[in-house]
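K.L.:
Below is a structure I'd like to ask you about.
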Amino acid sequence: MSSPDRRPLAGIVVADLTRVLAGPFATMVLRDLGAQIVKVETPQGDDARGFGPFLPDGASSYFVSLNCGKRSIALDLKTEAGREVFADLLRAADVLIESFRPGVLARLGFDDERIRALNDRLVYVTSSGFGYTGPDAGKPAYDMIIQARSGLLSITGTESGEMVRAGTSVADIVSGLYAVIGVLAGLLRRERSGPGAGARVDIAMLDSVVSILENALARYQATGVEPAPLGSRHPSITPFETFRTADGRIVIAAGNDRLFRRLCDVLGAPELASDIRFAGNAERTEHRDALKAALEAALARRGAAAWTAALEAAGVPVSPVPGIADVVADPQVAARNMLVEAAGAGGFRVTGSPIKIAGVGDPSHRPGAPALGEHRDRILRELLAYSPERTARLAAAGAFGDPSAGEQ
């Protein structure tokens with residue numbers, strides 16, 4: 001007999017109408033927490049299935065990395081038969097998450113009133129570029145658009161003023177995490193409030209990124225000075241950036257006077273700690289260029305690995321600057337089970353869950369990502385209790401796109 005699933009969202013069914021990154025990232029987290037994810041795709045499939053690079057079996061590594069363990073059903077919501085199946089899925093689900101532009105699902109016959117009539121306990125989460133209100137609610141958005149519109153792009157880049165995109169799709173990912181928070185809050189509200197207490201949660205990518213601008217927003221309002229790109233350094237803590245050594249760069253984050261004095265001692269430059277220009281954090285930040293030149297002159301005597309070891313031994317926060325290949329081989333990453341094998345993907349690894357819960361398993365493998373429509377018959381049979389005859393009728397009516405499509 002198999003042991004009970006102790007994950008906190010075991011038994012929760014999520015109808016997932018999202019695609020590409022923000023929504024699939026959210027439902028990936030929900031799946032890791034135990035939810036059953038029913039990935040509802042168009043008959044053409046999630047666009048991400050076509051994003052390279054591709055694995056030897058032809059699957060998109062991008063798609064696999066976000067969709068392991070989900071169940072896929074293809075539905076054509078432009079057909080009456082497809083909408084019939086979707087309505088039944090909403091009746092059976094605890095959560096609906098979708099990433100259409102505002103109004104699209106309503107035009108397909110599923111406005112808020114209809115959805116609530118189908119299931120008044122449903123937690124309904126929308127994930128869009130600009131949200132469901134405001135003058136830009138109907139505009140399309142990609143991560144890069146939101147990085148620009150939010151102001152994030154204006155503070156990310158070199159000190160010469162060249163703006164660069166953040167190295168990961170931060171707008172999609174942050175909004176995905178907020179969607180997860182919205183789901184959890186909605187489920188808790190439902191449990192506390194009783195029957196009929198579903199929730200409508202409106203997540204916007206723009207809102208999500210504006211909410212994490214922290215220091216930039218605070219500094220602008222306090223000083224009236226527009227923040228600008230600063231390279232790797234912190235705007236108000238010094239030293240707190242990358243530094244050159246004899247053979248590479250390291251990051252040093254000496255965030256207070258005690259750590260700064262300890263840094264100077266390790267570097268064999270105690271005179272820097274007594275220099276009036278560097279007496280406190282405010283002075284160090286004001287004279288940041290002079291301090292960086294002095295620190296790099298001392299760091300030039302040894303290589304990155306030697307300085308990292310010496311500073312770590314002294315308790316000074318320090319890090320090398322590894323590449324992604326180094327991260328993949330990092331023993332700390334391995335010890336935390338943060339790269340796990342996806343079943344059926346030839347040894348391809350995806351990220352593990354960063355949420356470690358005592359008493360809940362943290363497996364070293366993930367189920368594979370689904371083929372398009374792979375779980376159609378299983379979903380219809382087990383979740384919606386459809387008979388084979390009903391499934392055949394709906395298939396003939398085009399509910400699943402190609403009338404000949406079936407479980408693969």
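By order in the structure tokens, chains are A, B, ...; within a chain, residues start at 1; ligands start at 1, following the order shown.
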Taking the chain letters and numbering used in this document, name the residues of stretch 124-369 of chain A that DSSP puts in strand (DSSP E), as an NGL selection string.

P.N.:
:A and (124-128 or 199-204 or 240-244 or 249-253 or 318-320 or 339-342 or 349-351 or 365-366)

K.L.:
For A:Ser128, find every residue with an atom within 12 Å (counting only C-alpha atoms), except residues of its own chain fewer than 2 positions away, and show them as a PyMOL selection string.

P.N.:
chain A and resi 18-19+21-23+97-104+125-126+130-133+136-143+146+171-172+175-176+178-179+201-208

K.L.:
List as an mmCIF file with N, CA and C atoms, in the first residue's frame the protein and nucleic acid residues near A:Gly303, meaning an atom at most 10 Å away when only C-alpha atoms are counted, but skip any in the same chain fewer than 5 places from it.

P.N.:
data_model
loop_
_atom_site.group_PDB
_atom_site.id
_atom_site.type_symbol
_atom_site.label_atom_id
_atom_site.label_comp_id
_atom_site.auth_asym_id
_atom_site.auth_seq_id
_atom_site.Cartn_x
_atom_site.Cartn_y
_atom_site.Cartn_z
ATOM 1 N N ARG A 244 37.846 42.760 -8.830
ATOM 2 C CA ARG A 244 38.861 41.991 -9.563
ATOM 3 C C ARG A 244 39.918 41.464 -8.592
ATOM 4 N N THR A 245 40.322 40.229 -8.831
ATOM 5 C CA THR A 245 41.473 39.652 -8.133
ATOM 6 C C THR A 245 42.553 39.372 -9.179
ATOM 7 N N ALA A 246 43.571 38.609 -8.803
ATOM 8 C CA ALA A 246 44.653 38.325 -9.748
ATOM 9 C C ALA A 246 44.196 37.507 -10.943
ATOM 10 N N ASP A 247 43.135 36.710 -10.778
ATOM 11 C CA ASP A 247 42.733 35.835 -11.889
ATOM 12 C C ASP A 247 41.228 35.759 -12.131
ATOM 13 N N GLY A 248 40.472 36.663 -11.581
ATOM 14 C CA GLY A 248 39.027 36.629 -11.802
ATOM 15 C C GLY A 248 38.323 37.549 -10.821
ATOM 16 N N ARG A 249 37.006 37.487 -10.845
ATOM 17 C CA ARG A 249 36.223 38.368 -9.986
ATOM 18 C C ARG A 249 35.620 37.599 -8.813
ATOM 19 N N ILE A 250 35.421 38.322 -7.726
ATOM 20 C CA ILE A 250 34.657 37.811 -6.588
ATOM 21 C C ILE A 250 33.672 38.889 -6.158
ATOM 22 N N THR A 308 38.603 33.954 -1.666
ATOM 23 C CA THR A 308 37.310 33.434 -1.207
ATOM 24 C C THR A 308 37.497 32.596 0.056
#

K.L.:
Could you jot down the atom CA of A:Val14 to atom CA of A:Ala197 separation for me, Å, one decimal place?

P.N.:
16.8 Å

K.L.:
With only C-alpha atoms as the counted atoms, please give the residues lying no more than 9 Å from A:Ser236, apart from itself and same-chain residues fewer than 3 positions off, as an MDAnalysis selection string.

P.N.:
chainID A and resid 215 233 240 281:282 285

K.L.:
Export C-alpha atoms of the chosen residues as a short mmCIF file (atom, residue, chain, number, x, y, z; two decimals), in the first residue's frame?

P.N.:
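Once everything was written out, this is result26.cif:
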data_model
loop_
_atom_site.label_atom_id
_atom_site.label_comp_id
_atom_site.auth_asym_id
_atom_site.auth_seq_id
_atom_site.Cartn_x
_atom_site.Cartn_y
_atom_site.Cartn_z
CA ASN A 215 15.28 50.62 -2.83
CA ARG A 233 27.15 47.64 -6.86
CA PHE A 240 28.90 45.53 -1.86
CA ASN A 281 29.02 53.24 5.42
CA ALA A 282 27.90 56.70 4.31
CA THR A 285 29.54 55.02 -0.32
#

K.L.:
Looking only at alpha helix (DSSP H) from DSSP on the backbone, list the matching residues of stretch 116-192 of chain A as a PDB file with N, CA and C atoms, in the first residue's frame.

P.N.:
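Once everything was written out, this is states-v5.pdb:
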ATOM      1  N   ARG A 116     -18.787  31.611 -11.551  1.00  0.00           N
ATOM      2  CA  ARG A 116     -19.277  31.486 -10.175  1.00  0.00           C
ATOM      3  C   ARG A 116     -20.516  30.590 -10.120  1.00  0.00           C
ATOM      4  N   ALA A 117     -21.345  30.655 -11.144  1.00  0.00           N
ATOM      5  CA  ALA A 117     -22.527  29.791 -11.177  1.00  0.00           C
ATOM      6  C   ALA A 117     -22.120  28.321 -11.307  1.00  0.00           C
ATOM      7  N   LEU A 118     -21.056  28.064 -12.034  1.00  0.00           N
ATOM      8  CA  LEU A 118     -20.583  26.686 -12.195  1.00  0.00           C
ATOM      9  C   LEU A 118     -19.963  26.146 -10.903  1.00  0.00           C
ATOM     10  N   ASP A 143       7.621  39.576 -20.978  1.00  0.00           N
ATOM     11  CA  ASP A 143       8.513  39.899 -19.874  1.00  0.00           C
ATOM     12  C   ASP A 143       9.340  41.150 -20.168  1.00  0.00           C
ATOM     13  N   MET A 144       9.908  41.247 -21.353  1.00  0.00           N
ATOM     14  CA  MET A 144      10.769  42.380 -21.683  1.00  0.00           C
ATOM     15  C   MET A 144      10.000  43.693 -21.659  1.00  0.00           C
ATOM     16  N   ILE A 145       8.749  43.666 -22.111  1.00  0.00           N
ATOM     17  CA  ILE A 145       7.913  44.864 -22.077  1.00  0.00           C
ATOM     18  C   ILE A 145       7.719  45.315 -20.630  1.00  0.00           C
ATOM     19  N   ILE A 146       7.457  44.372 -19.746  1.00  0.00           N
ATOM     20  CA  ILE A 146       7.213  44.719 -18.351  1.00  0.00           C
ATOM     21  C   ILE A 146       8.500  45.152 -17.655  1.00  0.00           C
ATOM     22  N   GLN A 147       9.650  44.538 -17.993  1.00  0.00           N
ATOM     23  CA  GLN A 147      10.907  45.012 -17.420  1.00  0.00           C
ATOM     24  C   GLN A 147      11.124  46.480 -17.768  1.00  0.00           C
ATOM     25  N   ALA A 148      10.743  46.862 -18.995  1.00  0.00           N
ATOM     26  CA  ALA A 148      10.880  48.264 -19.384  1.00  0.00           C
ATOM     27  C   ALA A 148       9.828  49.133 -18.702  1.00  0.00           C
ATOM     28  N   ARG A 149       8.575  48.757 -18.809  1.00  0.00           N
ATOM     29  CA  ARG A 149       7.479  49.594 -18.322  1.00  0.00           C
ATOM     30  C   ARG A 149       7.541  49.797 -16.803  1.00  0.00           C
ATOM     31  N   VAL A 170      12.385  37.851 -15.077  1.00  0.00           N
ATOM     32  CA  VAL A 170      11.981  38.155 -13.712  1.00  0.00           C
ATOM     33  C   VAL A 170      10.517  38.583 -13.627  1.00  0.00           C
ATOM     34  N   ALA A 171      10.001  39.273 -14.637  1.00  0.00           N
ATOM     35  CA  ALA A 171       8.604  39.714 -14.588  1.00  0.00           C
ATOM     36  C   ALA A 171       7.657  38.526 -14.620  1.00  0.00           C
ATOM     37  N   ASP A 172       7.930  37.575 -15.492  1.00  0.00           N
ATOM     38  CA  ASP A 172       7.109  36.366 -15.544  1.00  0.00           C
ATOM     39  C   ASP A 172       7.200  35.584 -14.243  1.00  0.00           C
ATOM     40  N   ILE A 173       8.412  35.421 -13.746  1.00  0.00           N
ATOM     41  CA  ILE A 173       8.612  34.560 -12.584  1.00  0.00           C
ATOM     42  C   ILE A 173       8.032  35.178 -11.325  1.00  0.00           C
ATOM     43  N   VAL A 174       8.248  36.472 -11.119  1.00  0.00           N
ATOM     44  CA  VAL A 174       7.698  37.125  -9.925  1.00  0.00           C
ATOM     45  C   VAL A 174       6.177  37.112  -9.962  1.00  0.00           C
ATOM     46  N   SER A 175       5.588  37.374 -11.124  1.00  0.00           N
ATOM     47  CA  SER A 175       4.121  37.337 -11.196  1.00  0.00           C
ATOM     48  C   SER A 175       3.608  35.918 -10.995  1.00  0.00           C
ATOM     49  N   GLY A 176       4.386  34.911 -11.439  1.00  0.00           N
ATOM     50  CA  GLY A 176       4.005  33.526 -11.171  1.00  0.00           C
ATOM     51  C   GLY A 176       4.004  33.218  -9.687  1.00  0.00           C
ATOM     52  N   LEU A 177       5.012  33.711  -8.980  1.00  0.00           N
ATOM     53  CA  LEU A 177       5.059  33.487  -7.525  1.00  0.00           C
ATOM     54  C   LEU A 177       3.910  34.203  -6.821  1.00  0.00           C
ATOM     55  N   TYR A 178       3.582  35.421  -7.260  1.00  0.00           N
ATOM     56  CA  TYR A 178       2.432  36.110  -6.667  1.00  0.00           C
ATOM     57  C   TYR A 178       1.133  35.364  -6.964  1.00  0.00           C
ATOM     58  N   ALA A 179       1.047  34.731  -8.141  1.00  0.00           N
ATOM     59  CA  ALA A 179      -0.135  33.929  -8.444  1.00  0.00           C
ATOM     60  C   ALA A 179      -0.268  32.767  -7.459  1.00  0.00           C
ATOM     61  N   VAL A 180       0.867  32.132  -7.127  1.00  0.00           N
ATOM     62  CA  VAL A 180       0.841  31.057  -6.138  1.00  0.00           C
ATOM     63  C   VAL A 180       0.351  31.588  -4.797  1.00  0.00           C
ATOM     64  N   ILE A 181       0.864  32.742  -4.383  1.00  0.00           N
ATOM     65  CA  ILE A 181       0.413  33.336  -3.122  1.00  0.00           C
ATOM     66  C   ILE A 181      -1.093  33.605  -3.173  1.00  0.00           C
ATOM     67  N   GLY A 182      -1.555  34.096  -4.324  1.00  0.00           N
ATOM     68  CA  GLY A 182      -2.990  34.353  -4.469  1.00  0.00           C
ATOM     69  C   GLY A 182      -3.820  33.087  -4.358  1.00  0.00           C
ATOM     70  N   VAL A 183      -3.336  31.996  -4.961  1.00  0.00           N
ATOM     71  CA  VAL A 183      -4.034  30.711  -4.853  1.00  0.00           C
ATOM     72  C   VAL A 183      -4.106  30.265  -3.399  1.00  0.00           C
ATOM     73  N   LEU A 184      -2.981  30.313  -2.712  1.00  0.00           N
ATOM     74  CA  LEU A 184      -2.950  29.850  -1.324  1.00  0.00           C
ATOM     75  C   LEU A 184      -3.850  30.707  -0.440  1.00  0.00           C
ATOM     76  N   ALA A 185      -3.815  32.029  -0.657  1.00  0.00           N
ATOM     77  CA  ALA A 185      -4.678  32.909   0.125  1.00  0.00           C
ATOM     78  C   ALA A 185      -6.150  32.633  -0.177  1.00  0.00           C
ATOM     79  N   GLY A 186      -6.464  32.398  -1.452  1.00  0.00           N
ATOM     80  CA  GLY A 186      -7.852  32.101  -1.817  1.00  0.00           C
ATOM     81  C   GLY A 186      -8.342  30.802  -1.211  1.00  0.00           C
ATOM     82  N   LEU A 187      -7.495  29.782  -1.222  1.00  0.00           N
ATOM     83  CA  LEU A 187      -7.887  28.505  -0.618  1.00  0.00           C
ATOM     84  C   LEU A 187      -8.086  28.645   0.887  1.00  0.00           C
ATOM     85  N   LEU A 188      -7.218  29.410   1.543  1.00  0.00           N
ATOM     86  CA  LEU A 188      -7.373  29.615   2.991  1.00  0.00           C
ATOM     87  C   LEU A 188      -8.654  30.389   3.291  1.00  0.00           C
ATOM     88  N   ARG A 189      -8.920  31.416   2.498  1.00  0.00           N
ATOM     89  CA  ARG A 189     -10.157  32.192   2.693  1.00  0.00           C
ATOM     90  C   ARG A 189     -11.388  31.305   2.520  1.00  0.00           C
ATOM     91  N   ARG A 190     -11.331  30.423   1.515  1.00  0.00           N
ATOM     92  CA  ARG A 190     -12.451  29.515   1.269  1.00  0.00           C
ATOM     93  C   ARG A 190     -12.703  28.606   2.462  1.00  0.00           C
ATOM     94  N   GLU A 191     -11.618  28.069   3.019  1.00  0.00           N
ATOM     95  CA  GLU A 191     -11.775  27.170   4.164  1.00  0.00           C
ATOM     96  C   GLU A 191     -12.310  27.894   5.384  1.00  0.00           C
ATOM     97  N   ARG A 192     -11.904  29.125   5.576  1.00  0.00           N
ATOM     98  CA  ARG A 192     -12.355  29.882   6.743  1.00  0.00           C
ATOM     99  C   ARG A 192     -13.778  30.394   6.612  1.00  0.00           C
TER     100      ARG A 192
END

K.L.:
Choose the residue, out of A:Leu263, A:Val13, A:Leu30, A:Val40, that has the smallest atom-to-atom separation from A:Arg91; count only C-alpha atoms.

P.N.:
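Ranked by minimum distance to A:Arg91, first place goes to A:Val13.
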
K.L.:
Extract, using only C-alpha atoms, all DNA, RNA and protein residues at most 7 Å from stretch 36-38 of chain A, discarding same-chain residues fewer than 3 positions from it, and format them as a list in words.

P.N.:
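Counting only C-alpha atoms, the residues come to Gly11, Ile12, Val13, Val14, Ala15, Asp16, Thr27, Arg31, Lys70, Arg71 and Ser72 of chain A.
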
K.L.:
Keeping only C-alpha atoms, write the selected residues as a JSON list (two decimals), in the first residue's frame.

P.N.:
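The resulting file, again-v3.json, is shown below:
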[["chain", "number", "residue", "atom", "x", "y", "z"],
["A", 11, "GLY", "CA", -6.22, 16.59, -3.35],
["A", 12, "ILE", "CA", -6.45, 20.11, -4.80],
["A", 13, "VAL", "CA", -7.34, 20.16, -8.50],
["A", 14, "VAL", "CA", -6.08, 23.07, -10.61],
["A", 15, "ALA", "CA", -7.48, 23.82, -14.06],
["A", 16, "ASP", "CA", -4.51, 25.45, -15.79],
["A", 27, "THR", "CA", 1.38, 25.76, -11.54],
["A", 31, "ARG", "CA", 2.29, 20.84, -8.43],
["A", 70, "LYS", "CA", 1.16, 17.90, -15.06],
["A", 71, "ARG", "CA", -1.68, 16.23, -16.96],
["A", 72, "SER", "CA", -2.50, 17.51, -20.43]]

K.L.:
Using only C-alpha atoms, determine which residues lie at most 8 Å from A:Leu383, disregarding the query and same-chain residues fewer than 4 positions distant; provide the list as a count of residues only.

P.N.:
3

K.L.:
Can you measure atom CA of A:Ser65 to atom CA of A:Gln332 for me? One decimal in Å is fine.

P.N.:
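So the two atoms, atom CA of A:Ser65 and atom CA of A:Gln332, lie 20.6 Å apart.
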
K.L.:
Tell me, in Å to one decimal, how far atom CA of A:Ile212 is from atom CA of A:Leu152.

P.N.:
9.2 Å

K.L.:
Neighbouring residues of A:Gly398 were defined as those with any atom within 9 Å, considering only C-alpha atoms; residues of the same chain fewer than 4 positions away were excluded. Please report them as a list in words.

P.N.:
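Those residues are Leu75, Asp76, Thr79, Glu80, Ala81, Gly82, Arg393, Leu394, Asp402 and Pro403 of chain A.
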
K.L.:
Would you please work out which residue, of A:Leu55, A:Leu66, A:Ala297, A:Ala310, is nearest to A:Val20 when using only C-alpha atoms?

P.N.:
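With only C-alpha atoms as the atom set, the closest residue is A:Leu66.
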